[in-house]
Number of protein chains: 2
Amino acid sequence: MPEQPELTIQGWGPRPATPGDESPDGVLTKAARRYLTRELGWEPRATPPAAVEEIRLAPCRLPEEDRAALAGLLGEDHVRTDRDARLRRTGGKSYLDLLRRREGDASDAPDAVALPGTTEETAALLALCSERGVVVVPFGGGTSVVGGLAGVDPDDRPVLAVDLSRMASVQALDVPSSLVTVGPGMRGPALEQALAREGLTLGHLPQSWEYATLGGYAATRSAGQSSTGVGRFDELVAGLTLATPSGVLELGHPPASAAGPDLLGLALGSEGTLGVITGLTLRVRPKPTASSYEGWSFRTWAAGLAALQQLARHDLLPDVVRLSDTDETRANLLMAAGAGARALRGSLRARGRGEGCLLVVGWEGVPDLVRARVRAASSLLRDGGAVRLGRRVGDSWRRHRFEAPYLRDRLLDGGLLVETLETAATWTALPAVYDATRRALQESLARGGHRPLVMAHVSHGYATGASLYFTVIADRDDALPIQQWLSAKRAATDALLAAGGTLTHHHAVGADHRPWLEREVGPLGVEVLRAVKQRLDPHGVCNPGVLLPD
Amino acid sequence: MPEQPELTIQGWGPRPATPGDESPDGVLTKAARRYLTRELGWEPRATPPAAVEEIRLAPCRLPEEDRAALAGLLGEDHVRTDRDARLRRTGGKSYLDLLRRREGDASDAPDAVALPGTTEETAALLALCSERGVVVVPFGGGTSVVGGLAGVDPDDRPVLAVDLSRMASVQALDVPSSLVTVGPGMRGPALEQALAREGLTLGHLPQSWEYATLGGYAATRSAGQSSTGVGRFDELVAGLTLATPSGVLELGHPPASAAGPDLLGLALGSEGTLGVITGLTLRVRPKPTASSYEGWSFRTWAAGLAALQQLARHDLLPDVVRLSDTDETRANLLMAAGAGARALRGSLRARGRGEGCLLVVGWEGVPDLVRARVRAASSLLRDGGAVRLGRRVGDSWRRHRFEAPYLRDRLLDGGLLVETLETAATWTALPAVYDATRRALQESLARGGHRPLVMAHVSHGYATGASLYFTVIADRDDALPIQQWLSAKRAATDALLAAGGTLTHHHAVGADHRPWLEREVGPLGVEVLRAVKQRLDPHGVCNPGVLLPD
C-alpha cells in the first residue's frame, strides 16, 4: 500500500488548492476577493502560522514507572514521549484547534502516545491506566472538529493518546454476507482499495475521508456525503469490539436481533468515554455499475426545501443530495475558479437564473434502477420548479468534494475566520432552524457595520427531515480570535436548539458541544450515560474531557 | 371507531378458520389429517380447554392501602382487582401460556390492573409502586410469545398490570415530516385507519397485527411481514417517551443526531424492565400506489437461499420476502384448503415442480419503481433457477397472512403441540443455523418412532443475512406437555446459538429466553444493562421476571 498522506500540524493538508501559488489570494478569484473585501470589511493581510519548531509544549507528566509499565505491555517502540509524537496527536482540526496551533500553542498536547496492536493489548492498557490514574484519549485520524481529542481532565491526571494506526488492516471479508471486519485505525481510502479488488465498496465519504479512520467514524456517529443513499456510518456498523477498563464488549449480531436493548448503539457515539473501539464489522456493497451526478437550480431556498421534502416522503431521495442556499450558491459561483465554475455560470445565465439555489444530486447503483429513480425524481423536481443544469455541475462537485478544508488553511493565512457547524431538523422545523441559526451567526459576528458571510446547505436527507451545514467566513478579530468564535458558536447553538434542531447531526459532541448535551437528552438521559460510564470506566480515565458535561 | 376484537382468554381469537365448523379436523384437509397422523404418530383426539369459569386464580395480594393510593392517583374506575380484569391480563400467547390457561391455571395472574391515562399519571404510578414495592408489568396487546408478561418476581411482591388501552390515540400528525405521534396502547388497525384518511400508512404488519399494540412493538423490537421493505419497528420509531420510576425520558431527535450514544435504542427492546413507554413518534409513508405479490418456486432450499442472497447484496430484495423450506412448502400445499391452494398445486405440477421450495415476494411503492425493481429482481431469480408461479399464490398468501394463530387453537384442541421459534444469521451462517435448529427440534420431539413436523421459512431479508422462522407440530405428550416443549426449546436454542444465530430476531427475550441473554451480549453486556436499570428502576419493580437473567 502506498504511504498515506499526513495532516499538517497547523492545518489540514499540504495540498495547495492551486499548486505553485502559496499566497492566500491565489486560491480566490478576483471577483471573490472583491466580494469578501466589500461584504465582510476584510482587509487581506498575511497572518502566517508560527514556525512549527516554536510551538510550545508542556513537559511530559507521565511518571517513568507508568511509562515503563506501558512499554512492558506494548514494547518500547510503542510508547512514545518525544515532541513530534505528542505534537502530531494534539487536538483536532476545528477552527479553534487551528488558531491555537497557528499561534504556537500546544499546551493541550498529550503527555505520551501509546500504540497498541491488538484488542487484548488495548484492554490491558486500559486496565493499567485505570489502576494508575492515567487518562486515555483514543486517536484515530485526528480530524475532530468539535474538540473530541481535548484531553482535559478535571483531576489534571497525565494524558495518554492511544494511537490506533497499528490496528489498520482488513481482518476478515465475508462476501456472501456483505461484511468486512477491520481494525479501527484503517482509513477510508485503504479500505476502498482493498474492497475494490473484490468489486465491493463501503461508500462512506465524509469530507475528512482522506485522513479520518473507521474507528473515528463509529465513535462520532459520522455521516458521509452519500449517506442519504448508503446510510449514516451507524447504519453501516454491524458489529463492534469495545475494549473498556472493565473488560471487552463484543456488540452487534448481524443481520438483526431483538434480544434486548441495542448495546451497539451505546458504543457508537461514545467518543472514547467508555473505552476504545478496537474492531468493526461493516456492511459493504457491490461497486455501483451506474452513477449519475447532476445539478439543478431552484429560484428560492423555500422552493428547494419543498421539493426535497416531496422526494423524501416518496422515498425518491438521491444517494447524494446537497441544496445550497442563495448565499452559498452565489459564493460558490464567485469563489470557484476553472472551467466547471465558468460552465455553471454560463448554464445559469442561459436558463434565466442569475443565482437562485443550486442543488447537486447523485445517483448510484444498477443501471435500470438508477434510470427509474432518476426519472421519477426528476419529474418531482420539475413539478417543484427546478431547472436541470446537467452533469457538468454534478461532476465538478464530485471532483472537488474534499477540497474545502485545504482552502480553509489558505483563507486563515489571509486574516479570515472560517468555520462550519451543522444540525438537523424535521422538514417542518427546518426553515425556522435555518433562519434562527443564520441570524444568530450574523448578529454575533457583525463588526464595524459589516456582517459575516453565512452560507448553508442541506447535506443529508431523510424521510423525516434533513441536516443543515453552515459555513461562516468573517473578518478575524486578531486581538481576540478565540472569543470571537466562541461567542458566535454559543449564540448559534442556543438558537438552533431553541428552534428544534439537534445539537449535532454528524460531528459529535466533543468538548465543544458538551455544555448543551443536557438540552438534547435531558438530565435523566445524561444520568443514564453516566451510569453506563461508571460501570465500564469506574475511575473515569476514558476521555473525560468530552461528551458528558462536568 | 368500531369496537376492537378481543383475544380469547385461552387462545388467540374467536374467529374460526372455517366458520360454522368447530371440530379440530374441520380446519384440516383430509390429506393433511392423513399426513399428520402418519408422520407424527398423532391420534386426533378431543382435548378441549377447561371452562373459563373454572380457571384458578390466587387471591389478590395488593394491600388495600396500595390499591387506594393508586385509585387516588388514577380514579377508582382505573384500578381493578376483579377476576375478569386480572384474567384478561394474565401472561401472553405462547404455547406454554395457552397450555396453562387451557389446563385451568392462571396462577401467574397479576394482583391488580391499573389504567393510567397520561405520561404524568404513569410516571406518578411508577414512583408510587417503586416506593411501595409493587411490581409493574406493562400490558399492551397481550400477544407476547416469549413470556414477556411473566410477572415473576424473585422477591414475590404484589404485581400490577399496567394496561395502556386508555393511551391509544393519535396525538399529532406532521405530514411534511412523515411523522405521527401516538399513544402506546394504540393498535395497528386503528392507526392504519387514521392514517389512511391522509393517504398515509405505517406498514408494520406482524402476524399479531390485529391485537398487538404500538408500544408493545417498540418494547420488543418487533419486525413486520413487510419489514424487509419498510424496516423493522426499531427503524420506524423516531421518538419515544419512557416513564420510569426515576422520571420521564424523552428520547430520539428526528431525523438523526450524532449527539452521543443512542439512548432511544436502550428503550427499544427494554420489555418493561426500565419503565413504561407512554408515547411514540413513528415514521409514516404515503400509501403505495402500486403493489405486486407473487409466488416463485425453487428446486431446493439451498438454491432459494443463494438467490435471495444475490438479491440482498444488490439491494434488490422485495418488501415482503418469504422462502419456505421443502417441508413447509409440502405442508402448506397439503394443509391449505380452497381455490388458492388448488391453484398452487396445479401451477406447480404444470411447471414440473412436485414440491420444491415456495417463495412469496411482495413489492409496494410508486408504479415505475415497483416495475423496475420487479424486473431487476425477476432476472436474478431466474438466473438462480426459480420458476415464476404468478400472482394468485402471492395474493393468497396476503389474504391468509394473519390466520396461523387461529389455526393453532384448533390444532391444540385436537391433541397437537404447535409452536414457533425464530432466529437470524448472516447469509454465510444461515445454512448451518437452519440445519442445527431443525435437527435439535426433531431429535428432542421424536416419540415412539415418529418425528415432529419441523418447517421453516426465511421471513425477513437484509443485505447481511436473514431471519429463520420455524414452526413445529408434534403429537402432544398429554402427561408432561410443558416439559415436552421446554426440552425442545432448550435444545433448539442451544443449537442455534452455537451455530451463530441470534437468540431472537423479532420476538424479544421475555422470561423464556433470558437464561441465554448472556450468551448473546456477554457477561459485561448484561452488567451494562443492569447498570442502566439500577439508575432508572433502583428498587427493581419494573417487570423483573423478563430480559435480565437472575
# chains A, B, ... in the order shown; residues from 1 in each chain; ligands from 1
call {"tool": "select_by_dssp", "arguments": {"residues": "range 357-481 of chain B", "states": "alpha helix (DSSP H)", "output": "PyMOL selection string"}}
result
chain B and resi 367-383+391-399+404-413+430-444+481
call {"tool": "write_last_selection", "arguments": {"atoms": "C-alpha atoms", "output": "short mmCIF file (atom, residue, chain, number, x, y, z; two decimals), in the first residue's frame"}}
result
data_model
loop_
_atom_site.label_atom_id
_atom_site.label_comp_id
_atom_site.auth_asym_id
_atom_site.auth_seq_id
_atom_site.Cartn_x
_atom_site.Cartn_y
_atom_site.Cartn_z
CA PRO B 367 -45.54 2.21 -10.15
CA ASP B 368 -42.34 3.00 -12.10
CA LEU B 369 -40.07 1.91 -9.30
CA VAL B 370 -42.05 -1.21 -8.48
CA ARG B 371 -41.81 -2.16 -12.16
CA ALA B 372 -38.07 -1.56 -12.31
CA ARG B 373 -37.42 -3.44 -9.07
CA VAL B 374 -39.59 -6.39 -10.11
CA ARG B 375 -37.80 -6.57 -13.45
CA ALA B 376 -34.30 -6.48 -11.97
CA ALA B 377 -35.13 -8.97 -9.22
CA SER B 378 -37.01 -11.36 -11.50
CA SER B 379 -33.98 -11.59 -13.72
CA LEU B 380 -31.79 -12.55 -10.74
CA LEU B 381 -34.40 -15.06 -9.51
CA ARG B 382 -34.48 -16.72 -12.94
CA ASP B 383 -30.69 -16.83 -13.01
CA ARG B 391 -49.87 -13.59 -8.65
CA ARG B 392 -52.53 -15.96 -7.36
CA VAL B 393 -50.04 -17.53 -4.98
CA GLY B 394 -48.91 -14.13 -3.74
CA ASP B 395 -52.42 -12.81 -3.30
CA SER B 396 -53.47 -15.95 -1.48
CA TRP B 397 -50.60 -15.54 0.99
CA ARG B 398 -51.64 -11.94 1.51
CA ARG B 399 -55.26 -12.85 2.26
CA ALA B 404 -51.90 -19.16 11.63
CA PRO B 405 -52.57 -18.36 15.32
CA TYR B 406 -56.29 -19.05 14.86
CA LEU B 407 -55.45 -22.40 13.28
CA ARG B 408 -53.15 -23.17 16.22
CA ASP B 409 -56.10 -23.01 18.66
CA ARG B 410 -57.90 -25.65 16.64
CA LEU B 411 -54.89 -27.94 16.38
CA LEU B 412 -54.38 -27.67 20.14
CA ASP B 413 -57.98 -28.80 20.59
CA LEU B 430 -27.71 -19.37 7.79
CA PRO B 431 -27.50 -22.94 6.38
CA ALA B 432 -25.71 -24.21 9.50
CA VAL B 433 -28.19 -22.47 11.82
CA TYR B 434 -31.06 -23.98 9.85
CA ASP B 435 -29.64 -27.50 9.99
CA ALA B 436 -28.71 -27.35 13.66
CA THR B 437 -32.07 -25.97 14.80
CA ARG B 438 -34.06 -28.46 12.76
CA ARG B 439 -32.01 -31.39 13.99
CA ALA B 440 -32.31 -30.31 17.63
CA LEU B 441 -36.10 -29.98 17.38
CA GLN B 442 -36.52 -33.25 15.51
CA GLU B 443 -34.42 -35.20 17.98
CA SER B 444 -35.93 -33.65 21.07
CA PRO B 481 -46.81 -31.23 27.79
#
call {"tool": "residues_around", "arguments": {"residues": "Ala109 in chain A", "least_positions_apart": "6", "cutoff": "9 Å", "atoms": "only C-alpha atoms", "output": "list of chain:residue names"}}
result
A:Leu57, A:Ala58, A:Arg86, A:Leu87, A:Arg88, A:Arg89, A:Thr90, A:Gly91, A:Ala150, A:Gly151, A:Val159, A:Ala161
call {"tool": "write_last_selection", "arguments": {"atoms": "C-alpha atoms", "output": "mmCIF file, in the first residue's frame"}}
result
data_model
loop_
_atom_site.group_PDB
_atom_site.id
_atom_site.type_symbol
_atom_site.label_atom_id
_atom_site.label_comp_id
_atom_site.auth_asym_id
_atom_site.auth_seq_id
_atom_site.Cartn_x
_atom_site.Cartn_y
_atom_site.Cartn_z
ATOM 1 C CA LEU A 57 4.530 22.028 24.706
ATOM 2 C CA ALA A 58 4.382 21.387 28.433
ATOM 3 C CA ARG A 86 2.976 14.274 21.088
ATOM 4 C CA LEU A 87 2.510 17.253 18.760
ATOM 5 C CA ARG A 88 1.002 15.117 15.993
ATOM 6 C CA ARG A 89 -1.661 13.790 18.422
ATOM 7 C CA THR A 90 -2.604 17.195 19.834
ATOM 8 C CA GLY A 91 -6.243 18.174 19.437
ATOM 9 C CA ALA A 150 -9.459 17.680 24.113
ATOM 10 C CA GLY A 151 -7.903 15.529 26.821
ATOM 11 C CA VAL A 159 -2.911 12.047 29.455
ATOM 12 C CA ALA A 161 -3.062 9.381 23.425
#
call {"tool": "select_by_dssp", "arguments": {"residues": "range 138-367 of chain A", "states": "strand (DSSP E)", "output": "ChimeraX atom specification"}}
result
/A:138-139,159-163,170-174,179-182,200-201,237-244,247-251,276-283,285-286,290-298,320-324,357-365
call {"tool": "interface_residues", "arguments": {"of": "chain A", "to": "chain B", "cutoff": "7 Å", "atoms": "only C-alpha atoms", "output": "mmCIF file with N, CA, C and O atoms, in the first residue's frame"}}
result
data_model
loop_
_atom_site.group_PDB
_atom_site.id
_atom_site.type_symbol
_atom_site.label_atom_id
_atom_site.label_comp_id
_atom_site.auth_asym_id
_atom_site.auth_seq_id
_atom_site.Cartn_x
_atom_site.Cartn_y
_atom_site.Cartn_z
ATOM 1 N N PRO A 176 -20.449 -13.253 0.799
ATOM 2 C CA PRO A 176 -21.890 -13.550 0.709
ATOM 3 C C PRO A 176 -22.720 -12.705 1.673
ATOM 4 O O PRO A 176 -23.840 -12.326 1.356
ATOM 5 N N SER A 177 -22.159 -12.424 2.856
ATOM 6 C CA SER A 177 -22.911 -11.650 3.850
ATOM 7 C C SER A 177 -22.641 -10.154 3.744
ATOM 8 O O SER A 177 -23.133 -9.377 4.574
ATOM 9 N N SER A 178 -21.853 -9.732 2.753
ATOM 10 C CA SER A 178 -21.547 -8.308 2.560
ATOM 11 C C SER A 178 -20.962 -7.671 3.817
ATOM 12 O O SER A 178 -21.337 -6.556 4.191
ATOM 13 N N LEU A 179 -20.063 -8.370 4.489
ATOM 14 C CA LEU A 179 -19.489 -7.868 5.742
ATOM 15 C C LEU A 179 -17.965 -7.887 5.684
ATOM 16 O O LEU A 179 -17.369 -8.870 5.246
ATOM 17 N N THR A 220 -17.938 8.742 16.600
ATOM 18 C CA THR A 220 -18.558 10.065 16.483
ATOM 19 C C THR A 220 -19.876 10.054 15.710
ATOM 20 O O THR A 220 -20.456 11.110 15.480
ATOM 21 N N ARG A 221 -20.335 8.874 15.270
ATOM 22 C CA ARG A 221 -21.578 8.776 14.504
ATOM 23 C C ARG A 221 -21.540 9.657 13.254
ATOM 24 O O ARG A 221 -22.452 10.462 13.002
ATOM 25 N N LEU A 249 -16.216 -5.724 25.335
ATOM 26 C CA LEU A 249 -17.591 -5.960 24.860
ATOM 27 C C LEU A 249 -17.558 -6.316 23.380
ATOM 28 O O LEU A 249 -16.935 -5.602 22.582
ATOM 29 N N LEU A 251 -20.155 -6.451 20.459
ATOM 30 C CA LEU A 251 -21.522 -5.951 20.286
ATOM 31 C C LEU A 251 -22.012 -6.108 18.857
ATOM 32 O O LEU A 251 -21.238 -6.043 17.911
ATOM 33 N N HIS A 253 -25.142 -8.153 16.339
ATOM 34 C CA HIS A 253 -25.358 -9.511 15.857
ATOM 35 C C HIS A 253 -26.038 -9.414 14.501
ATOM 36 O O HIS A 253 -27.258 -9.402 14.429
ATOM 37 N N PRO A 254 -25.281 -9.336 13.411
ATOM 38 C CA PRO A 254 -25.918 -9.209 12.107
ATOM 39 C C PRO A 254 -26.677 -10.470 11.742
ATOM 40 O O PRO A 254 -26.268 -11.546 12.159
ATOM 41 N N PRO A 255 -27.796 -10.356 10.995
ATOM 42 C CA PRO A 255 -28.269 -9.113 10.399
ATOM 43 C C PRO A 255 -29.088 -8.251 11.362
ATOM 44 O O PRO A 255 -29.150 -7.040 11.164
ATOM 45 N N ALA A 256 -29.706 -8.822 12.392
ATOM 46 C CA ALA A 256 -30.573 -8.045 13.267
ATOM 47 C C ALA A 256 -30.943 -8.923 14.445
ATOM 48 O O ALA A 256 -30.920 -10.153 14.345
ATOM 49 N N SER A 257 -31.271 -8.287 15.554
ATOM 50 C CA SER A 257 -31.626 -9.039 16.756
ATOM 51 C C SER A 257 -32.685 -8.288 17.533
ATOM 52 O O SER A 257 -32.780 -7.064 17.453
ATOM 53 N N ALA A 258 -33.508 -9.036 18.272
ATOM 54 C CA ALA A 258 -34.479 -8.418 19.180
ATOM 55 C C ALA A 258 -34.150 -8.814 20.612
ATOM 56 O O ALA A 258 -35.016 -8.773 21.475
ATOM 57 N N ALA A 259 -32.888 -9.208 20.840
ATOM 58 C CA ALA A 259 -32.502 -9.684 22.170
ATOM 59 C C ALA A 259 -32.111 -8.523 23.067
ATOM 60 O O ALA A 259 -30.942 -8.278 23.344
ATOM 61 N N GLY A 260 -33.117 -7.799 23.519
ATOM 62 C CA GLY A 260 -32.887 -6.724 24.467
ATOM 63 C C GLY A 260 -32.483 -5.423 23.801
ATOM 64 O O GLY A 260 -32.412 -5.332 22.577
ATOM 65 N N PRO A 261 -32.239 -4.388 24.633
ATOM 66 C CA PRO A 261 -31.860 -3.069 24.109
ATOM 67 C C PRO A 261 -30.581 -3.150 23.274
ATOM 68 O O PRO A 261 -29.791 -4.073 23.412
ATOM 69 N N ASP A 262 -30.391 -2.156 22.428
ATOM 70 C CA ASP A 262 -29.274 -2.144 21.495
ATOM 71 C C ASP A 262 -28.014 -1.602 22.161
ATOM 72 O O ASP A 262 -27.831 -0.398 22.285
ATOM 73 N N GLY A 265 -25.513 0.461 19.894
ATOM 74 C CA GLY A 265 -25.822 1.885 19.785
ATOM 75 C C GLY A 265 -25.282 2.718 20.942
ATOM 76 O O GLY A 265 -25.218 3.939 20.846
ATOM 77 N N LEU A 266 -24.897 2.058 22.035
ATOM 78 C CA LEU A 266 -24.245 2.779 23.139
ATOM 79 C C LEU A 266 -22.778 3.038 22.840
ATOM 80 O O LEU A 266 -22.203 4.029 23.298
ATOM 81 N N ALA A 267 -22.160 2.106 22.101
ATOM 82 C CA ALA A 267 -20.739 2.274 21.765
ATOM 83 C C ALA A 267 -20.576 3.300 20.649
ATOM 84 O O ALA A 267 -19.641 4.108 20.659
ATOM 85 N N LEU A 268 -21.497 3.275 19.678
ATOM 86 C CA LEU A 268 -21.473 4.280 18.612
ATOM 87 C C LEU A 268 -21.737 5.644 19.252
ATOM 88 O O LEU A 268 -22.666 5.794 20.041
ATOM 89 N N GLY A 269 -20.917 6.607 18.924
ATOM 90 C CA GLY A 269 -21.103 7.927 19.514
ATOM 91 C C GLY A 269 -20.570 8.063 20.928
ATOM 92 O O GLY A 269 -20.815 9.072 21.578
ATOM 93 N N SER A 270 -19.842 7.064 21.419
ATOM 94 C CA SER A 270 -19.354 7.153 22.807
ATOM 95 C C SER A 270 -18.071 7.975 22.893
ATOM 96 O O SER A 270 -17.616 8.295 23.989
ATOM 97 N N ARG A 285 -21.033 -3.199 -0.054
ATOM 98 C CA ARG A 285 -21.973 -3.453 -1.158
ATOM 99 C C ARG A 285 -21.198 -3.520 -2.474
ATOM 100 O O ARG A 285 -20.073 -3.039 -2.545
ATOM 101 N N PRO A 286 -21.804 -4.103 -3.490
ATOM 102 C CA PRO A 286 -21.116 -4.145 -4.783
ATOM 103 C C PRO A 286 -20.864 -2.731 -5.284
ATOM 104 O O PRO A 286 -21.684 -1.839 -5.066
ATOM 105 N N GLN A 309 -38.437 17.785 0.220
ATOM 106 C CA GLN A 309 -39.377 17.135 1.134
ATOM 107 C C GLN A 309 -40.319 16.204 0.366
ATOM 108 O O GLN A 309 -40.642 15.106 0.836
ATOM 109 N N ARG A 313 -40.506 12.108 1.117
ATOM 110 C CA ARG A 313 -41.653 11.328 1.588
ATOM 111 C C ARG A 313 -42.022 10.223 0.627
ATOM 112 O O ARG A 313 -42.631 9.239 1.006
ATOM 113 N N HIS A 314 -41.608 10.345 -0.622
ATOM 114 C CA HIS A 314 -41.875 9.274 -1.586
ATOM 115 C C HIS A 314 -40.682 8.346 -1.752
ATOM 116 O O HIS A 314 -40.632 7.581 -2.702
ATOM 117 N N ASP A 368 -30.619 -0.081 -14.412
ATOM 118 C CA ASP A 368 -32.075 0.027 -14.545
ATOM 119 C C ASP A 368 -32.709 0.817 -13.415
ATOM 120 O O ASP A 368 -33.618 1.630 -13.625
ATOM 121 N N LEU A 369 -32.231 0.536 -12.196
ATOM 122 C CA LEU A 369 -32.827 1.219 -11.055
ATOM 123 C C LEU A 369 -32.405 2.679 -10.993
ATOM 124 O O LEU A 369 -33.214 3.544 -10.651
ATOM 125 N N ALA A 372 -34.632 4.444 -13.392
ATOM 126 C CA ALA A 372 -36.014 4.595 -12.906
ATOM 127 C C ALA A 372 -36.093 5.639 -11.798
ATOM 128 O O ALA A 372 -37.023 6.453 -11.761
ATOM 129 N N ARG A 373 -35.092 5.622 -10.902
ATOM 130 C CA ARG A 373 -35.110 6.593 -9.800
ATOM 131 C C ARG A 373 -34.901 8.013 -10.327
ATOM 132 O O ARG A 373 -35.563 8.956 -9.883
ATOM 133 N N ALA A 424 -29.578 19.261 12.394
ATOM 134 C CA ALA A 424 -30.611 18.612 11.590
ATOM 135 C C ALA A 424 -31.945 18.887 12.245
ATOM 136 O O ALA A 424 -32.021 19.138 13.449
ATOM 137 N N ALA A 425 -32.991 18.838 11.444
ATOM 138 C CA ALA A 425 -34.335 19.065 11.977
ATOM 139 C C ALA A 425 -35.349 18.396 11.064
ATOM 140 O O ALA A 425 -35.028 18.018 9.931
ATOM 141 N N THR A 426 -36.551 18.250 11.567
ATOM 142 C CA THR A 426 -37.626 17.712 10.727
ATOM 143 C C THR A 426 -37.900 18.706 9.595
ATOM 144 O O THR A 426 -37.558 19.884 9.696
ATOM 145 N N TRP A 427 -38.523 18.208 8.540
ATOM 146 C CA TRP A 427 -38.859 19.111 7.429
ATOM 147 C C TRP A 427 -39.683 20.297 7.924
ATOM 148 O O TRP A 427 -39.531 21.420 7.449
ATOM 149 N N THR A 428 -40.555 20.046 8.900
ATOM 150 C CA THR A 428 -41.407 21.120 9.406
ATOM 151 C C THR A 428 -40.603 22.177 10.158
ATOM 152 O O THR A 428 -40.858 23.371 10.023
ATOM 153 N N TYR A 462 -33.489 12.782 4.762
ATOM 154 C CA TYR A 462 -34.189 11.643 5.368
ATOM 155 C C TYR A 462 -35.669 11.795 5.055
ATOM 156 O O TYR A 462 -36.118 12.894 4.734
ATOM 157 N N ALA A 463 -36.424 10.728 5.261
ATOM 158 C CA ALA A 463 -37.865 10.830 5.101
ATOM 159 C C ALA A 463 -38.429 11.920 6.012
ATOM 160 O O ALA A 463 -39.347 12.637 5.641
ATOM 161 N N THR A 464 -37.859 12.040 7.212
ATOM 162 C CA THR A 464 -38.463 12.892 8.232
ATOM 163 C C THR A 464 -37.847 14.283 8.339
ATOM 164 O O THR A 464 -38.357 15.120 9.066
ATOM 165 N N GLY A 465 -36.740 14.515 7.658
ATOM 166 C CA GLY A 465 -36.105 15.820 7.770
ATOM 167 C C GLY A 465 -34.768 15.831 7.063
ATOM 168 O O GLY A 465 -34.507 15.001 6.190
ATOM 169 N N ALA A 466 -33.919 16.779 7.427
ATOM 170 C CA ALA A 466 -32.626 16.896 6.756
ATOM 171 C C ALA A 466 -31.632 17.591 7.670
ATOM 172 O O ALA A 466 -32.003 18.183 8.684
ATOM 173 N N THR A 502 -31.117 19.572 16.182
ATOM 174 C CA THR A 502 -30.323 18.714 17.054
ATOM 175 C C THR A 502 -28.956 19.352 17.261
ATOM 176 O O THR A 502 -28.467 20.086 16.400
ATOM 177 N N LEU A 503 -28.349 19.059 18.403
ATOM 178 C CA LEU A 503 -27.065 19.648 18.788
ATOM 179 C C LEU A 503 -26.003 19.376 17.731
ATOM 180 O O LEU A 503 -25.143 20.226 17.463
ATOM 181 N N THR A 504 -26.041 18.212 17.120
ATOM 182 C CA THR A 504 -25.095 17.878 16.056
ATOM 183 C C THR A 504 -25.664 16.726 15.239
ATOM 184 O O THR A 504 -26.228 15.783 15.792
ATOM 185 N N HIS A 505 -25.526 16.822 13.943
ATOM 186 C CA HIS A 505 -26.017 15.769 13.057
ATOM 187 C C HIS A 505 -24.945 14.755 12.701
ATOM 188 O O HIS A 505 -25.219 13.585 12.512
ATOM 189 N N HIS A 506 -23.675 15.204 12.593
ATOM 190 C CA HIS A 506 -22.634 14.231 12.235
ATOM 191 C C HIS A 506 -21.230 14.605 12.689
ATOM 192 O O HIS A 506 -20.269 13.979 12.265
ATOM 193 N N HIS A 507 -21.098 15.606 13.566
ATOM 194 C CA HIS A 507 -19.769 15.979 14.053
ATOM 195 C C HIS A 507 -19.509 15.543 15.489
ATOM 196 O O HIS A 507 -18.413 15.746 15.989
ATOM 197 N N ALA A 508 -20.516 15.007 16.167
ATOM 198 C CA ALA A 508 -20.390 14.549 17.557
ATOM 199 C C ALA A 508 -20.403 15.706 18.558
ATOM 200 O O ALA A 508 -20.573 16.867 18.182
ATOM 201 N N VAL A 509 -20.223 15.358 19.834
ATOM 202 C CA VAL A 509 -20.350 16.333 20.926
ATOM 203 C C VAL A 509 -18.992 16.934 21.279
ATOM 204 O O VAL A 509 -18.831 18.151 21.326
ATOM 205 N N VAL A 521 -30.622 15.562 25.524
ATOM 206 C CA VAL A 521 -31.108 14.265 26.031
ATOM 207 C C VAL A 521 -31.756 14.358 27.410
ATOM 208 O O VAL A 521 -32.236 13.349 27.925
ATOM 209 N N LEU A 524 -32.011 13.331 32.945
ATOM 210 C CA LEU A 524 -32.043 11.894 33.238
ATOM 211 C C LEU A 524 -31.289 11.101 32.160
ATOM 212 O O LEU A 524 -30.639 10.093 32.460
ATOM 213 N N GLY A 525 -31.347 11.577 30.922
ATOM 214 C CA GLY A 525 -30.564 10.947 29.850
ATOM 215 C C GLY A 525 -29.073 11.020 30.150
ATOM 216 O O GLY A 525 -28.334 10.042 29.973
ATOM 217 N N VAL A 528 -28.238 8.463 32.732
ATOM 218 C CA VAL A 528 -28.137 7.098 32.192
ATOM 219 C C VAL A 528 -26.748 6.883 31.588
ATOM 220 O O VAL A 528 -26.094 5.853 31.821
ATOM 221 N N ALA A 531 -24.258 6.415 34.275
ATOM 222 C CA ALA A 531 -24.345 5.090 34.904
ATOM 223 C C ALA A 531 -23.603 4.051 34.065
ATOM 224 O O ALA A 531 -22.906 3.186 34.598
ATOM 225 N N VAL A 532 -23.747 4.159 32.749
ATOM 226 C CA VAL A 532 -23.038 3.226 31.863
ATOM 227 C C VAL A 532 -21.531 3.448 31.988
ATOM 228 O O VAL A 532 -20.745 2.506 32.109
ATOM 229 N N ARG A 535 -20.027 2.057 35.139
ATOM 230 C CA ARG A 535 -19.862 0.597 35.146
ATOM 231 C C ARG A 535 -18.627 0.167 34.353
ATOM 232 O O ARG A 535 -17.919 -0.758 34.734
ATOM 233 N N LEU A 547 -18.003 14.876 25.699
ATOM 234 C CA LEU A 547 -19.345 14.301 25.737
ATOM 235 C C LEU A 547 -20.152 14.658 26.982
ATOM 236 O O LEU A 547 -21.097 15.410 26.888
#
call {"tool": "residues_around", "arguments": {"residues": "range 63-66 of chain B", "least_positions_apart": "6", "cutoff": "12 Å", "atoms": "only C-alpha atoms", "output": "PyMOL selection string"}}
result
chain B and resi 72-73+79-81+111-112+114+125+128-135+157-160
call {"tool": "residues_around", "arguments": {"residues": "Val472 in chain A", "least_positions_apart": "4", "cutoff": "12 Å", "atoms": "only C-alpha atoms", "output": "PyMOL selection string"}}
result
chain A and resi 36+40+95+327-328+331+408+411+416-422+437-442+444-446+451-457+476+485+488-489+492
call {"tool": "atom_distance", "arguments": {"atom1": "CA of Asp478 in chain A", "atom2": "CA of Leu334 in chain A"}}
result
25.9 Å
call {"tool": "atom_distance", "arguments": {"atom1": "CA of Asn543 in chain B", "atom2": "CA of Val276 in chain B"}}
result
9.7 Å
call {"tool": "residues_around", "arguments": {"residues": "Ala172 in chain A", "least_positions_apart": "6", "cutoff": "10 Å", "atoms": "only C-alpha atoms", "output": "ChimeraX atom specification"}}
result
/A:179-182,281
